[in-house]
>>> print(open('start_18.txt').read())   # compact mmCIF, C-alpha atoms
# COMPACT_ATOMS: atom_id res chain seq x y z
CA MET A 703 166.57 -156.97 -2.55
CA ILE A 704 163.45 -157.71 -0.56
CA GLU A 705 160.89 -154.93 -0.66
CA ALA A 706 158.14 -153.49 1.52
CA GLY A 707 155.04 -155.66 1.65
CA ALA A 708 156.86 -159.00 1.38
CA ALA A 709 156.76 -161.52 4.21
CA ALA A 710 160.15 -161.38 5.94
CA PRO A 711 161.92 -164.75 5.51
CA GLY A 712 162.26 -166.39 8.91
CA PHE A 713 165.67 -167.33 10.24
CA THR A 714 167.45 -168.68 13.28
CA LEU A 715 171.07 -167.61 13.73
CA ARG A 716 173.59 -167.75 16.55
CA ASP A 717 174.37 -164.44 18.19
CA HIS A 718 177.62 -163.15 19.71
CA THR A 719 177.11 -165.38 22.77
CA GLY A 720 176.44 -168.48 20.69
CA SER A 721 172.72 -168.48 21.57
CA GLU A 722 170.12 -168.98 18.90
CA VAL A 723 168.07 -165.94 17.92
CA SER A 724 165.05 -166.16 15.62
CA LEU A 725 163.24 -163.45 13.76
CA GLU A 726 160.10 -164.96 15.35
CA ASP A 727 161.36 -163.77 18.76
CA PHE A 728 160.62 -160.19 17.69
CA ARG A 729 156.95 -160.66 16.76
CA GLY A 730 155.02 -157.73 18.18
CA ARG A 731 158.03 -155.45 17.98
CA THR A 732 159.87 -153.89 15.09
CA ALA A 733 163.12 -155.55 14.08
CA VAL A 734 165.61 -153.56 12.05
CA LEU A 735 168.02 -155.92 10.32
CA VAL A 736 171.35 -154.23 9.71
CA PHE A 737 173.22 -156.29 7.12
CA TYR A 738 176.86 -155.31 6.84
CA PRO A 739 179.90 -156.79 5.10
CA ALA A 740 182.40 -157.51 7.86
CA ASP A 741 183.26 -157.10 11.54
CA PHE A 742 186.19 -154.75 12.17
CA SER A 743 186.12 -153.08 8.74
CA PRO A 744 186.44 -149.31 9.26
CA THR A 745 183.11 -148.46 7.66
CA CYS A 746 181.11 -151.00 9.63
CA THR A 747 182.77 -149.79 12.81
CA ASP A 748 181.55 -146.24 12.17
CA GLN A 749 178.08 -147.38 11.26
CA LEU A 750 177.46 -149.50 14.35
CA SER A 751 179.14 -146.96 16.69
CA VAL A 752 176.78 -144.25 15.53
CA TYR A 753 173.74 -146.53 15.83
CA GLN A 754 174.87 -147.40 19.35
CA GLU A 755 174.58 -143.73 20.32
CA VAL A 756 170.88 -143.63 19.43
CA LEU A 757 169.94 -147.14 20.57
CA GLY A 758 167.84 -145.71 23.40
CA GLU A 759 165.70 -143.79 20.92
CA PHE A 760 165.10 -146.94 18.88
CA GLU A 761 164.12 -148.78 22.07
CA GLU A 762 161.61 -146.04 22.90
CA ARG A 763 159.95 -146.78 19.59
CA ASP A 764 159.85 -150.53 20.21
CA ALA A 765 162.46 -151.15 17.57
CA THR A 766 165.30 -153.62 18.05
CA LEU A 767 168.41 -153.41 15.89
CA LEU A 768 170.05 -156.67 14.85
CA GLY A 769 173.42 -156.66 13.12
CA ILE A 770 173.95 -159.49 10.63
CA SER A 771 177.18 -160.42 8.84
CA VAL A 772 178.88 -163.62 7.76
CA ASP A 773 181.34 -163.42 10.66
CA GLY A 774 181.13 -166.18 13.29
CA SER A 775 179.94 -165.85 16.89
CA PHE A 776 183.42 -165.49 18.40
CA CYS A 777 184.35 -162.79 15.95
CA HIS A 778 181.08 -161.00 16.73
CA LYS A 779 181.84 -161.24 20.44
CA ALA A 780 185.24 -159.62 19.96
CA PHE A 781 183.83 -156.95 17.64
CA ARG A 782 181.10 -156.04 20.12
CA GLU A 783 183.64 -155.67 22.90
CA HIS A 784 185.86 -153.61 20.61
CA LEU A 785 182.98 -151.28 19.75
CA GLY A 786 181.42 -151.21 23.18
CA THR A 787 178.09 -151.73 21.47
CA GLU A 788 174.99 -153.40 22.85
CA ILE A 789 173.58 -154.19 19.41
CA PRO A 790 173.13 -157.98 19.13
CA LEU A 791 175.23 -159.36 16.28
CA LEU A 792 174.04 -162.45 14.42
CA ALA A 793 176.28 -164.87 12.58
CA ASP A 794 175.07 -165.65 9.05
CA PHE A 795 177.92 -168.11 9.09
CA HIS A 796 176.71 -171.56 8.14
CA PRO A 797 175.54 -172.05 5.49
CA LYS A 798 177.42 -168.85 4.76
CA GLY A 799 175.22 -165.93 3.80
CA GLU A 800 171.98 -167.95 3.68
CA VAL A 801 169.95 -165.19 5.35
CA ALA A 802 171.55 -162.44 3.26
CA ARG A 803 170.59 -164.45 0.16
CA ALA A 804 167.02 -164.90 1.38
CA TYR A 805 166.74 -161.12 1.72
CA GLY A 806 168.41 -160.48 -1.63
CA VAL A 807 171.30 -158.51 -0.18
CA TRP A 808 174.08 -161.02 -0.90
CA SER A 809 177.09 -159.93 -2.92
CA ASP A 810 178.40 -162.85 -4.94
CA GLU A 811 181.37 -160.80 -6.05
CA TYR A 812 182.68 -160.18 -2.52
CA GLY A 813 181.20 -163.15 -0.68
CA VAL A 814 179.61 -160.96 1.98
CA ALA A 815 176.30 -159.21 2.62
CA GLY A 816 175.86 -155.76 1.16
CA ARG A 817 175.27 -152.83 3.48
CA ALA A 818 171.51 -153.01 3.73
CA LEU A 819 168.76 -152.13 6.16
CA VAL A 820 165.50 -154.07 6.38
CA MET A 821 162.73 -153.05 8.74
CA VAL A 822 160.41 -155.90 9.73
CA GLY A 823 157.14 -154.85 11.31
CA PRO A 824 155.47 -156.42 14.37
CA ASP A 825 153.49 -158.81 12.12
CA GLY A 826 156.56 -160.10 10.28
CA THR A 827 156.03 -158.08 7.11
CA VAL A 828 158.86 -156.09 5.55
CA GLU A 829 157.95 -152.42 6.01
CA TRP A 830 160.99 -150.80 4.46
CA SER A 831 164.32 -151.75 2.95
CA TYR A 832 167.37 -149.86 1.79
CA MET A 833 170.64 -150.85 0.11
CA SER A 834 173.56 -148.43 0.51
CA PRO A 835 175.82 -147.53 -2.36
CA PRO A 836 179.28 -149.09 -1.85
CA LEU A 837 181.41 -147.31 0.77
CA GLU A 838 178.51 -145.16 1.87
CA VAL A 839 177.28 -145.54 5.42
CA PRO A 840 173.51 -145.32 5.86
CA GLY A 841 172.79 -142.75 8.56
CA ALA A 842 170.50 -143.55 11.48
CA ASN A 843 168.20 -140.86 10.06
CA LEU A 844 167.06 -143.33 7.38
CA ILE A 845 165.81 -145.71 10.06
CA PHE A 846 164.09 -142.91 11.98
CA ASP A 847 162.45 -141.69 8.77
CA ALA A 848 161.22 -145.20 8.06
CA LEU A 849 159.83 -145.49 11.58
CA ASP A 850 158.09 -142.12 11.13
CA GLN A 851 156.53 -143.11 7.85
CA ARG A 852 155.24 -146.51 8.85
CA THR A 853 151.57 -147.16 8.50
CA PRO A 854 149.94 -146.79 11.91
CA ALA A 855 148.82 -150.09 13.40
CA MET B 868 180.80 -121.69 4.91
CA VAL B 869 181.43 -125.25 6.01
CA ILE B 870 179.45 -127.00 8.73
CA GLU B 871 181.60 -129.62 10.42
CA TYR B 872 180.31 -132.50 12.49
CA ALA B 873 183.20 -133.73 14.56
CA ASP B 874 184.26 -135.55 17.70
CA LEU B 875 187.09 -133.94 19.66
CA GLU B 876 188.66 -137.32 20.49
CA CYS B 877 188.64 -138.51 16.87
CA PRO B 878 192.05 -138.55 15.16
CA TYR B 879 190.47 -138.08 11.72
CA CYS B 880 188.73 -134.96 13.02
CA ALA B 881 192.10 -133.70 14.22
CA GLN B 882 193.48 -134.29 10.74
CA ALA B 883 190.48 -132.54 9.18
CA HIS B 884 190.98 -129.58 11.51
CA LEU B 885 194.57 -129.11 10.37
CA ILE B 886 193.40 -129.05 6.74
CA LEU B 887 190.37 -126.82 7.29
CA LYS B 888 192.21 -124.22 9.30
CA GLU B 889 194.42 -123.51 6.27
CA LEU B 890 191.46 -123.06 3.91
CA PRO B 891 189.70 -119.76 3.24
CA VAL B 892 186.33 -120.79 4.61
CA THR B 893 184.15 -119.90 7.57
CA ARG B 894 183.81 -122.87 9.88
CA VAL B 895 180.73 -123.83 11.83
CA PHE B 896 181.36 -126.57 14.38
CA ARG B 897 178.79 -129.07 15.57
CA HIS B 898 179.48 -131.76 18.12
CA PHE B 899 179.09 -135.37 17.06
CA PRO B 900 180.56 -137.32 19.97
CA VAL B 901 180.63 -141.08 19.39
CA VAL B 902 181.20 -142.37 22.90
CA SER B 903 181.33 -146.07 22.08
CA LYS B 904 184.39 -145.29 19.97
CA HIS B 905 185.80 -142.40 21.97
CA PRO B 906 185.03 -142.65 25.69
CA ARG B 907 186.04 -139.02 26.40
CA ALA B 908 184.13 -137.57 23.46
CA ARG B 909 181.21 -136.09 25.39
CA VAL B 910 183.44 -134.85 28.19
CA LEU B 911 185.60 -133.01 25.66
CA ALA B 912 182.60 -131.60 23.81
CA ALA B 913 181.29 -130.24 27.12
CA ALA B 914 184.72 -128.79 27.96
CA ALA B 915 184.80 -126.90 24.65
CA GLU B 916 181.28 -125.57 25.25
CA ALA B 917 182.18 -124.54 28.80
CA ALA B 918 185.21 -122.67 27.45
CA GLY B 919 182.84 -121.14 24.90
CA LEU B 920 180.73 -119.69 27.69
CA GLN B 921 183.82 -117.70 28.61
CA GLY B 922 184.48 -116.71 25.00
CA HIS B 923 187.09 -119.35 24.22
CA PHE B 924 185.31 -122.11 22.32
CA TRP B 925 187.65 -122.12 19.35
CA ASP B 926 190.73 -121.86 21.55
CA MET B 927 189.69 -124.96 23.49
CA HIS B 928 188.64 -126.71 20.26
CA ASP B 929 192.04 -126.03 18.68
CA SER B 930 193.87 -126.96 21.85
CA LEU B 931 192.11 -130.36 22.13
CA LEU B 932 192.40 -131.30 18.48
CA GLU B 933 196.01 -130.23 18.21
CA ASP B 934 197.11 -132.32 21.20
CA GLN B 935 195.03 -135.46 21.60
CA GLY B 936 197.51 -137.15 23.89
CA HIS B 937 196.37 -135.21 26.97
CA LEU B 938 192.63 -135.46 27.44
CA ASP B 939 192.14 -136.35 31.10
CA ASP B 940 190.57 -133.95 33.59
CA PRO B 941 193.88 -132.52 34.92
CA HIS B 942 194.86 -131.77 31.31
CA LEU B 943 191.56 -129.97 30.80
CA TRP B 944 192.20 -127.83 33.90
CA GLU B 945 195.68 -127.04 32.60
CA ARG B 946 194.27 -126.00 29.24
CA ALA B 947 191.60 -123.89 30.92
CA ARG B 948 194.28 -122.19 33.03
CA GLU B 949 196.39 -121.48 29.95
CA LEU B 950 193.38 -119.85 28.29
CA GLY B 951 192.87 -117.68 31.35
CA LEU B 952 189.47 -119.17 32.15
CA ASP B 953 187.76 -118.93 35.51
CA LEU B 954 188.41 -122.52 36.55
CA ASP B 955 185.55 -122.87 39.03
CA ARG B 956 183.09 -121.62 36.47
CA PHE B 957 184.59 -123.88 33.80
CA GLU B 958 184.19 -126.90 36.10
CA GLN B 959 180.60 -126.01 36.89
CA ASP B 960 179.66 -125.23 33.30
CA ARG B 961 181.12 -128.34 31.72
CA ARG B 962 178.94 -130.48 33.98
CA SER B 963 175.83 -128.36 33.55
CA GLU B 964 172.60 -129.50 31.97
CA ALA B 965 172.64 -126.53 29.59
CA VAL B 966 175.97 -127.61 28.12
CA GLU B 967 174.86 -131.24 27.90
CA ALA B 968 171.69 -130.12 26.12
CA ARG B 969 173.69 -128.00 23.69
CA VAL B 970 175.92 -130.96 22.76
CA GLY B 971 172.88 -133.22 22.49
CA THR B 972 171.15 -130.79 20.13
CA ASP B 973 174.21 -130.76 17.88
CA PHE B 974 174.39 -134.54 17.90
CA ARG B 975 170.72 -135.01 17.05
CA SER B 976 170.94 -132.47 14.23
CA GLY B 977 173.81 -134.55 12.84
CA ILE B 978 171.77 -137.75 13.07
CA ARG B 979 168.90 -136.04 11.24
CA ALA B 980 171.29 -134.80 8.57
CA GLY B 981 172.50 -138.36 8.03
CA VAL B 982 175.93 -138.07 9.61
CA ALA B 983 177.28 -141.58 10.00
CA THR B 984 180.99 -140.98 10.39
CA THR B 985 183.28 -138.32 11.83
CA PRO B 986 184.30 -135.94 10.53
CA THR B 987 181.53 -135.04 8.08
CA GLN B 988 181.60 -131.66 6.41
CA PHE B 989 178.59 -130.01 4.78
CA LEU B 990 179.38 -127.59 2.00
CA HIS B 991 176.70 -125.96 -0.16
CA GLY B 992 174.22 -128.41 1.36
CA ARG B 993 176.17 -131.50 0.37
CA ALA B 994 177.76 -133.96 2.78
CA HIS B 995 181.46 -134.70 2.50
CA PRO B 996 182.20 -137.55 4.90
CA GLY B 997 185.77 -138.17 6.04
CA VAL B 998 188.93 -136.08 6.08
CA PRO B 999 188.52 -133.33 3.46
CA GLY B 1000 190.27 -134.34 0.26
CA ALA B 1001 190.28 -133.38 -3.40
CA SER B 1002 186.51 -133.48 -3.88
CA PHE B 1003 186.01 -131.17 -0.92
CA ARG B 1004 188.57 -128.68 -2.28
CA ASP B 1005 186.89 -128.78 -5.68
CA ALA B 1006 183.51 -128.10 -4.11
CA LEU B 1007 185.01 -125.24 -2.12
CA ARG B 1008 186.43 -123.66 -5.28
CA SER B 1009 183.12 -123.82 -7.11
CA SER B 1010 180.96 -120.83 -6.32
CA PRO B 1011 178.27 -121.27 -3.69
CA ARG B 1012 174.70 -121.00 -4.78
>>> encode(input="start_18.txt", output="structure tokens")
Amino acid sequence: MIEAGAAAPGFTLRDHTGSEVSLEDFRGRTAVLVFYPADFSPTCTDQLSVYQEVLGEFEERDATLLGISVDGSFCHKAFREHLGTEIPLLADFHPKGEVARAYGVWSDEYGVAGRALVMVGPDGTVEWSYMSPPLEVPGANLIFDALDQRTPA
Amino acid sequence: MVIEYADLECPYCAQAHLILKELPVTRVFRHFPVVSKHPRARVLAAAAEAAGLQGHFWDMHDSLLEDQGHLDDPHLWERARELGLDLDRFEQDRRSEAVEARVGTDFRSGIRAGVATTPTQFLHGRAHPGVPGASFRDALRSSPR
């Protein structure tokens, strides 16, 4: 998977409302890309629900979380409503998994993205990345630790 | 000793409770309310803490987890009455900043410890996410260091 120091591959994806969202839009802020396998799967539900609870703390640190899976916009819309989450969800839908491949987090075996976190700094450089072991949910602490350890601007 | 991070509106936590209460282990409870999943989670956590201020934390904890079909305010008052709590004090305490802070401290400690699902049990410093199963029982049998 992509590692710290690499330039984060740019992308433009449709979000849960069908609007286009680009990585470029987050220049000057920190974007935390949360790749996950599938909307509505029990594990992903837990993961995003817990992140939702600490979203305010990420905001305070100028970090925006972006969920990315291969599910389409309408599915994302339903999943967001189901979760009651405010995390934007992006559809890596067509060509399927193109962004996950660009970040090296694609699982060919399952045809979905792995459960991975990629922190992109304000200048568009990858500052930290993490791939979870299967069936393990990465805690929000990992993201906070990464934010703590970043090199000061 | 097991440290449990749980949400009082979470059915898996209720299941975990029924298993843990039969095991020979001291239980330490920490609140991990996930409101986006369980809208009443923080309200229930505060109710248990308010009962705790009158010496009945575990009674309220057991009562909530063992009957998750009745979690609205009138049900909480009924539970408080059954436990013999001073109802006015209970009402005041469960809305107090001190109780909110207490629940928040628990939650943040869970985030720092990497809790990402409820329930999560910590035994001998290791996390056991989910309803306690065979691996948890094995860990419990092995001697603590």
>>> closest_atom_pairs(input="start_18.txt", of="chain A", to="chain B", cutoff="9 Å", atoms="only C-alpha atoms", output="CSV")
residue,atom,partner,partner_atom,distance
A:Thr745,CA,B:Thr984,CA,8.2
A:Thr747,CA,B:Lys904,CA,8.6
A:Asp748,CA,B:Thr984,CA,5.6
A:Gln749,CA,B:Ala983,CA,6.0
A:Ser751,CA,B:Ser903,CA,5.9
A:Val752,CA,B:Ala983,CA,6.2
A:Tyr753,CA,B:Ala983,CA,8.4
A:Gln754,CA,B:Ser903,CA,7.1
A:Glu755,CA,B:Val901,CA,6.7
A:Val756,CA,B:Ile978,CA,8.7
A:His784,CA,B:Lys904,CA,8.5
A:Leu785,CA,B:Ser903,CA,5.9
A:Gly786,CA,B:Ser903,CA,5.3
A:Thr787,CA,B:Ser903,CA,6.6
A:Glu838,CA,B:Ala983,CA,9.0
A:Val839,CA,B:Ala983,CA,6.1
A:Pro840,CA,B:Ala983,CA,6.7
A:Gly841,CA,B:Gly981,CA,4.4
A:Ala842,CA,B:Ile978,CA,6.1
A:Asn843,CA,B:Arg979,CA,5.0
A:Leu844,CA,B:Gly981,CA,7.4
A:Phe846,CA,B:Arg979,CA,8.4
A:Asp847,CA,B:Arg979,CA,8.9
>>> atom_distance(input="start_18.txt", atom1="CA of Glu800 in chain A", atom2="CA of Ser775 in chain A")
15.6 Å
>>> residues_around(input="start_18.txt", residues="range 819-833 of chain A", least_positions_apart="2", cutoff="10 Å", atoms="all atoms listed in the file", output="PyMOL selection string")
chain A and resi 703-712+725-726+728-738+764-769+805+807+816-817+835-836+838+840+844-845+848-849+851-853+855
>>> write_last_selection(input="start_18.txt", atoms="C-alpha atoms", output="PDB file, in the frame of the given file")
ATOM      1  CA  MET A 703     166.570-156.970  -2.550  1.00  0.00           C
ATOM      2  CA  ILE A 704     163.450-157.710  -0.560  1.00  0.00           C
ATOM      3  CA  GLU A 705     160.890-154.930  -0.660  1.00  0.00           C
ATOM      4  CA  ALA A 706     158.140-153.490   1.520  1.00  0.00           C
ATOM      5  CA  GLY A 707     155.040-155.660   1.650  1.00  0.00           C
ATOM      6  CA  ALA A 708     156.860-159.000   1.380  1.00  0.00           C
ATOM      7  CA  ALA A 709     156.760-161.520   4.210  1.00  0.00           C
ATOM      8  CA  ALA A 710     160.150-161.380   5.940  1.00  0.00           C
ATOM      9  CA  PRO A 711     161.920-164.750   5.510  1.00  0.00           C
ATOM     10  CA  GLY A 712     162.260-166.390   8.910  1.00  0.00           C
ATOM     11  CA  LEU A 725     163.240-163.450  13.760  1.00  0.00           C
ATOM     12  CA  GLU A 726     160.100-164.960  15.350  1.00  0.00           C
ATOM     13  CA  PHE A 728     160.620-160.190  17.690  1.00  0.00           C
ATOM     14  CA  ARG A 729     156.950-160.660  16.760  1.00  0.00           C
ATOM     15  CA  GLY A 730     155.020-157.730  18.180  1.00  0.00           C
ATOM     16  CA  ARG A 731     158.030-155.450  17.980  1.00  0.00           C
ATOM     17  CA  THR A 732     159.870-153.890  15.090  1.00  0.00           C
ATOM     18  CA  ALA A 733     163.120-155.550  14.080  1.00  0.00           C
ATOM     19  CA  VAL A 734     165.610-153.560  12.050  1.00  0.00           C
ATOM     20  CA  LEU A 735     168.020-155.920  10.320  1.00  0.00           C
ATOM     21  CA  VAL A 736     171.350-154.230   9.710  1.00  0.00           C
ATOM     22  CA  PHE A 737     173.220-156.290   7.120  1.00  0.00           C
ATOM     23  CA  TYR A 738     176.860-155.310   6.840  1.00  0.00           C
ATOM     24  CA  ASP A 764     159.850-150.530  20.210  1.00  0.00           C
ATOM     25  CA  ALA A 765     162.460-151.150  17.570  1.00  0.00           C
ATOM     26  CA  THR A 766     165.300-153.620  18.050  1.00  0.00           C
ATOM     27  CA  LEU A 767     168.410-153.410  15.890  1.00  0.00           C
ATOM     28  CA  LEU A 768     170.050-156.670  14.850  1.00  0.00           C
ATOM     29  CA  GLY A 769     173.420-156.660  13.120  1.00  0.00           C
ATOM     30  CA  TYR A 805     166.740-161.120   1.720  1.00  0.00           C
ATOM     31  CA  VAL A 807     171.300-158.510  -0.180  1.00  0.00           C
ATOM     32  CA  GLY A 816     175.860-155.760   1.160  1.00  0.00           C
ATOM     33  CA  ARG A 817     175.270-152.830   3.480  1.00  0.00           C
ATOM     34  CA  PRO A 835     175.820-147.530  -2.360  1.00  0.00           C
ATOM     35  CA  PRO A 836     179.280-149.090  -1.850  1.00  0.00           C
ATOM     36  CA  GLU A 838     178.510-145.160   1.870  1.00  0.00           C
ATOM     37  CA  PRO A 840     173.510-145.320   5.860  1.00  0.00           C
ATOM     38  CA  LEU A 844     167.060-143.330   7.380  1.00  0.00           C
ATOM     39  CA  ILE A 845     165.810-145.710  10.060  1.00  0.00           C
ATOM     40  CA  ALA A 848     161.220-145.200   8.060  1.00  0.00           C
ATOM     41  CA  LEU A 849     159.830-145.490  11.580  1.00  0.00           C
ATOM     42  CA  GLN A 851     156.530-143.110   7.850  1.00  0.00           C
ATOM     43  CA  ARG A 852     155.240-146.510   8.850  1.00  0.00           C
ATOM     44  CA  THR A 853     151.570-147.160   8.500  1.00  0.00           C
ATOM     45  CA  ALA A 855     148.820-150.090  13.400  1.00  0.00           C
TER      46      ALA A 855
END
>>> residues_around(input="start_18.txt", residues="Leu990 in chain B", least_positions_apart="4", cutoff="12 Å", atoms="all atoms listed in the file", output="PyMOL selection string")
chain B and resi 868-872+892-895+994-996+999+1002-1012
>>> atom_distance(input="start_18.txt", atom1="CA of Gly922 in chain B", atom2="CA of Leu875 in chain B")
18.2 Å
>>> residues_around(input="start_18.txt", residues="Ala947 in chain B", least_positions_apart="5", cutoff="8 Å", atoms="only C-alpha atoms", output="CSV table (one decimal) with C-alpha atoms, in the coordinates of the input")
chain,number,residue,atom,x,y,z
B,918,ALA,CA,185.2,-122.7,27.4
B,927,MET,CA,189.7,-125.0,23.5
B,952,LEU,CA,189.5,-119.2,32.2
B,953,ASP,CA,187.8,-118.9,35.5
B,954,LEU,CA,188.4,-122.5,36.6
B,957,PHE,CA,184.6,-123.9,33.8
>>> atom_distance(input="start_18.txt", atom1="CA of Arg897 in chain B", atom2="CA of His928 in chain B")
11.2 Å
>>> residues_around(input="start_18.txt", residues="range 770-774 of chain A", least_positions_apart="5", cutoff="10 Å", atoms="only C-alpha atoms", output="ChimeraX atom specification")
/A:715-718,720,735-741,779,781,790-802,813-818
>>> build_atoms(input="start_18.txt", residues="range 923-949 of chain B", atoms="N, CA and C atoms", output="PDB file, keeping the file's coordinate frame")
ATOM      1  N   HIS B 923     185.901-118.666  24.747  1.00  0.00           N
ATOM      2  CA  HIS B 923     187.090-119.350  24.220  1.00  0.00           C
ATOM      3  C   HIS B 923     186.782-120.708  23.607  1.00  0.00           C
ATOM      4  N   PHE B 924     185.631-120.820  22.935  1.00  0.00           N
ATOM      5  CA  PHE B 924     185.310-122.110  22.320  1.00  0.00           C
ATOM      6  C   PHE B 924     186.394-122.564  21.355  1.00  0.00           C
ATOM      7  N   TRP B 925     186.710-121.692  20.395  1.00  0.00           N
ATOM      8  CA  TRP B 925     187.650-122.120  19.350  1.00  0.00           C
ATOM      9  C   TRP B 925     189.040-122.389  19.912  1.00  0.00           C
ATOM     10  N   ASP B 926     189.423-121.626  20.946  1.00  0.00           N
ATOM     11  CA  ASP B 926     190.730-121.860  21.550  1.00  0.00           C
ATOM     12  C   ASP B 926     190.796-123.271  22.164  1.00  0.00           C
ATOM     13  N   MET B 927     189.716-123.629  22.864  1.00  0.00           N
ATOM     14  CA  MET B 927     189.690-124.960  23.490  1.00  0.00           C
ATOM     15  C   MET B 927     189.599-126.039  22.398  1.00  0.00           C
ATOM     16  N   HIS B 928     188.778-125.794  21.412  1.00  0.00           N
ATOM     17  CA  HIS B 928     188.640-126.710  20.260  1.00  0.00           C
ATOM     18  C   HIS B 928     190.000-126.963  19.617  1.00  0.00           C
ATOM     19  N   ASP B 929     190.727-125.888  19.311  1.00  0.00           N
ATOM     20  CA  ASP B 929     192.040-126.030  18.680  1.00  0.00           C
ATOM     21  C   ASP B 929     192.992-126.775  19.612  1.00  0.00           C
ATOM     22  N   SER B 930     192.969-126.373  20.865  1.00  0.00           N
ATOM     23  CA  SER B 930     193.870-126.960  21.850  1.00  0.00           C
ATOM     24  C   SER B 930     193.663-128.476  21.951  1.00  0.00           C
ATOM     25  N   LEU B 931     192.405-128.920  21.989  1.00  0.00           N
ATOM     26  CA  LEU B 931     192.110-130.360  22.130  1.00  0.00           C
ATOM     27  C   LEU B 931     192.489-131.124  20.861  1.00  0.00           C
ATOM     28  N   LEU B 932     192.135-130.562  19.724  1.00  0.00           N
ATOM     29  CA  LEU B 932     192.400-131.300  18.480  1.00  0.00           C
ATOM     30  C   LEU B 932     193.883-131.305  18.114  1.00  0.00           C
ATOM     31  N   GLU B 933     194.603-130.312  18.586  1.00  0.00           N
ATOM     32  CA  GLU B 933     196.010-130.230  18.210  1.00  0.00           C
ATOM     33  C   GLU B 933     196.920-130.965  19.200  1.00  0.00           C
ATOM     34  N   ASP B 934     196.339-131.481  20.278  1.00  0.00           N
ATOM     35  CA  ASP B 934     197.110-132.320  21.200  1.00  0.00           C
ATOM     36  C   ASP B 934     196.165-133.328  21.809  1.00  0.00           C
ATOM     37  N   GLN B 935     196.009-134.459  21.135  1.00  0.00           N
ATOM     38  CA  GLN B 935     195.030-135.460  21.600  1.00  0.00           C
ATOM     39  C   GLN B 935     195.641-136.463  22.568  1.00  0.00           C
ATOM     40  N   GLY B 936     196.872-136.217  22.958  1.00  0.00           N
ATOM     41  CA  GLY B 936     197.510-137.150  23.890  1.00  0.00           C
ATOM     42  C   GLY B 936     197.216-136.808  25.343  1.00  0.00           C
ATOM     43  N   HIS B 937     196.597-135.661  25.596  1.00  0.00           N
ATOM     44  CA  HIS B 937     196.370-135.210  26.970  1.00  0.00           C
ATOM     45  C   HIS B 937     194.914-134.780  27.139  1.00  0.00           C
ATOM     46  N   LEU B 938     194.069-135.754  27.436  1.00  0.00           N
ATOM     47  CA  LEU B 938     192.630-135.460  27.440  1.00  0.00           C
ATOM     48  C   LEU B 938     191.954-135.769  28.769  1.00  0.00           C
ATOM     49  N   ASP B 939     192.739-136.068  29.795  1.00  0.00           N
ATOM     50  CA  ASP B 939     192.140-136.350  31.100  1.00  0.00           C
ATOM     51  C   ASP B 939     191.769-135.037  31.800  1.00  0.00           C
ATOM     52  N   ASP B 940     191.032-135.147  32.893  1.00  0.00           N
ATOM     53  CA  ASP B 940     190.570-133.950  33.590  1.00  0.00           C
ATOM     54  C   ASP B 940     191.707-132.983  33.967  1.00  0.00           C
ATOM     55  N   PRO B 941     192.803-133.477  34.568  1.00  0.00           N
ATOM     56  CA  PRO B 941     193.880-132.520  34.920  1.00  0.00           C
ATOM     57  C   PRO B 941     194.406-131.780  33.693  1.00  0.00           C
ATOM     58  N   HIS B 942     194.418-132.436  32.548  1.00  0.00           N
ATOM     59  CA  HIS B 942     194.860-131.770  31.310  1.00  0.00           C
ATOM     60  C   HIS B 942     193.869-130.687  30.904  1.00  0.00           C
ATOM     61  N   LEU B 943     192.573-130.977  31.140  1.00  0.00           N
ATOM     62  CA  LEU B 943     191.560-129.970  30.800  1.00  0.00           C
ATOM     63  C   LEU B 943     191.730-128.733  31.685  1.00  0.00           C
ATOM     64  N   TRP B 944     192.013-128.976  32.986  1.00  0.00           N
ATOM     65  CA  TRP B 944     192.200-127.830  33.900  1.00  0.00           C
ATOM     66  C   TRP B 944     193.410-127.015  33.454  1.00  0.00           C
ATOM     67  N   GLU B 945     194.460-127.737  33.043  1.00  0.00           N
ATOM     68  CA  GLU B 945     195.680-127.040  32.600  1.00  0.00           C
ATOM     69  C   GLU B 945     195.381-126.185  31.365  1.00  0.00           C
ATOM     70  N   ARG B 946     194.627-126.757  30.451  1.00  0.00           N
ATOM     71  CA  ARG B 946     194.270-126.000  29.240  1.00  0.00           C
ATOM     72  C   ARG B 946     193.430-124.777  29.610  1.00  0.00           C
ATOM     73  N   ALA B 947     192.477-124.995  30.514  1.00  0.00           N
ATOM     74  CA  ALA B 947     191.600-123.890  30.920  1.00  0.00           C
ATOM     75  C   ALA B 947     192.431-122.777  31.563  1.00  0.00           C
ATOM     76  N   ARG B 948     193.399-123.168  32.382  1.00  0.00           N
ATOM     77  CA  ARG B 948     194.280-122.190  33.030  1.00  0.00           C
ATOM     78  C   ARG B 948     195.060-121.399  31.989  1.00  0.00           C
ATOM     79  N   GLU B 949     195.603-122.139  31.006  1.00  0.00           N
ATOM     80  CA  GLU B 949     196.390-121.480  29.950  1.00  0.00           C
ATOM     81  C   GLU B 949     195.552-120.468  29.169  1.00  0.00           C
TER      82      GLU B 949
END
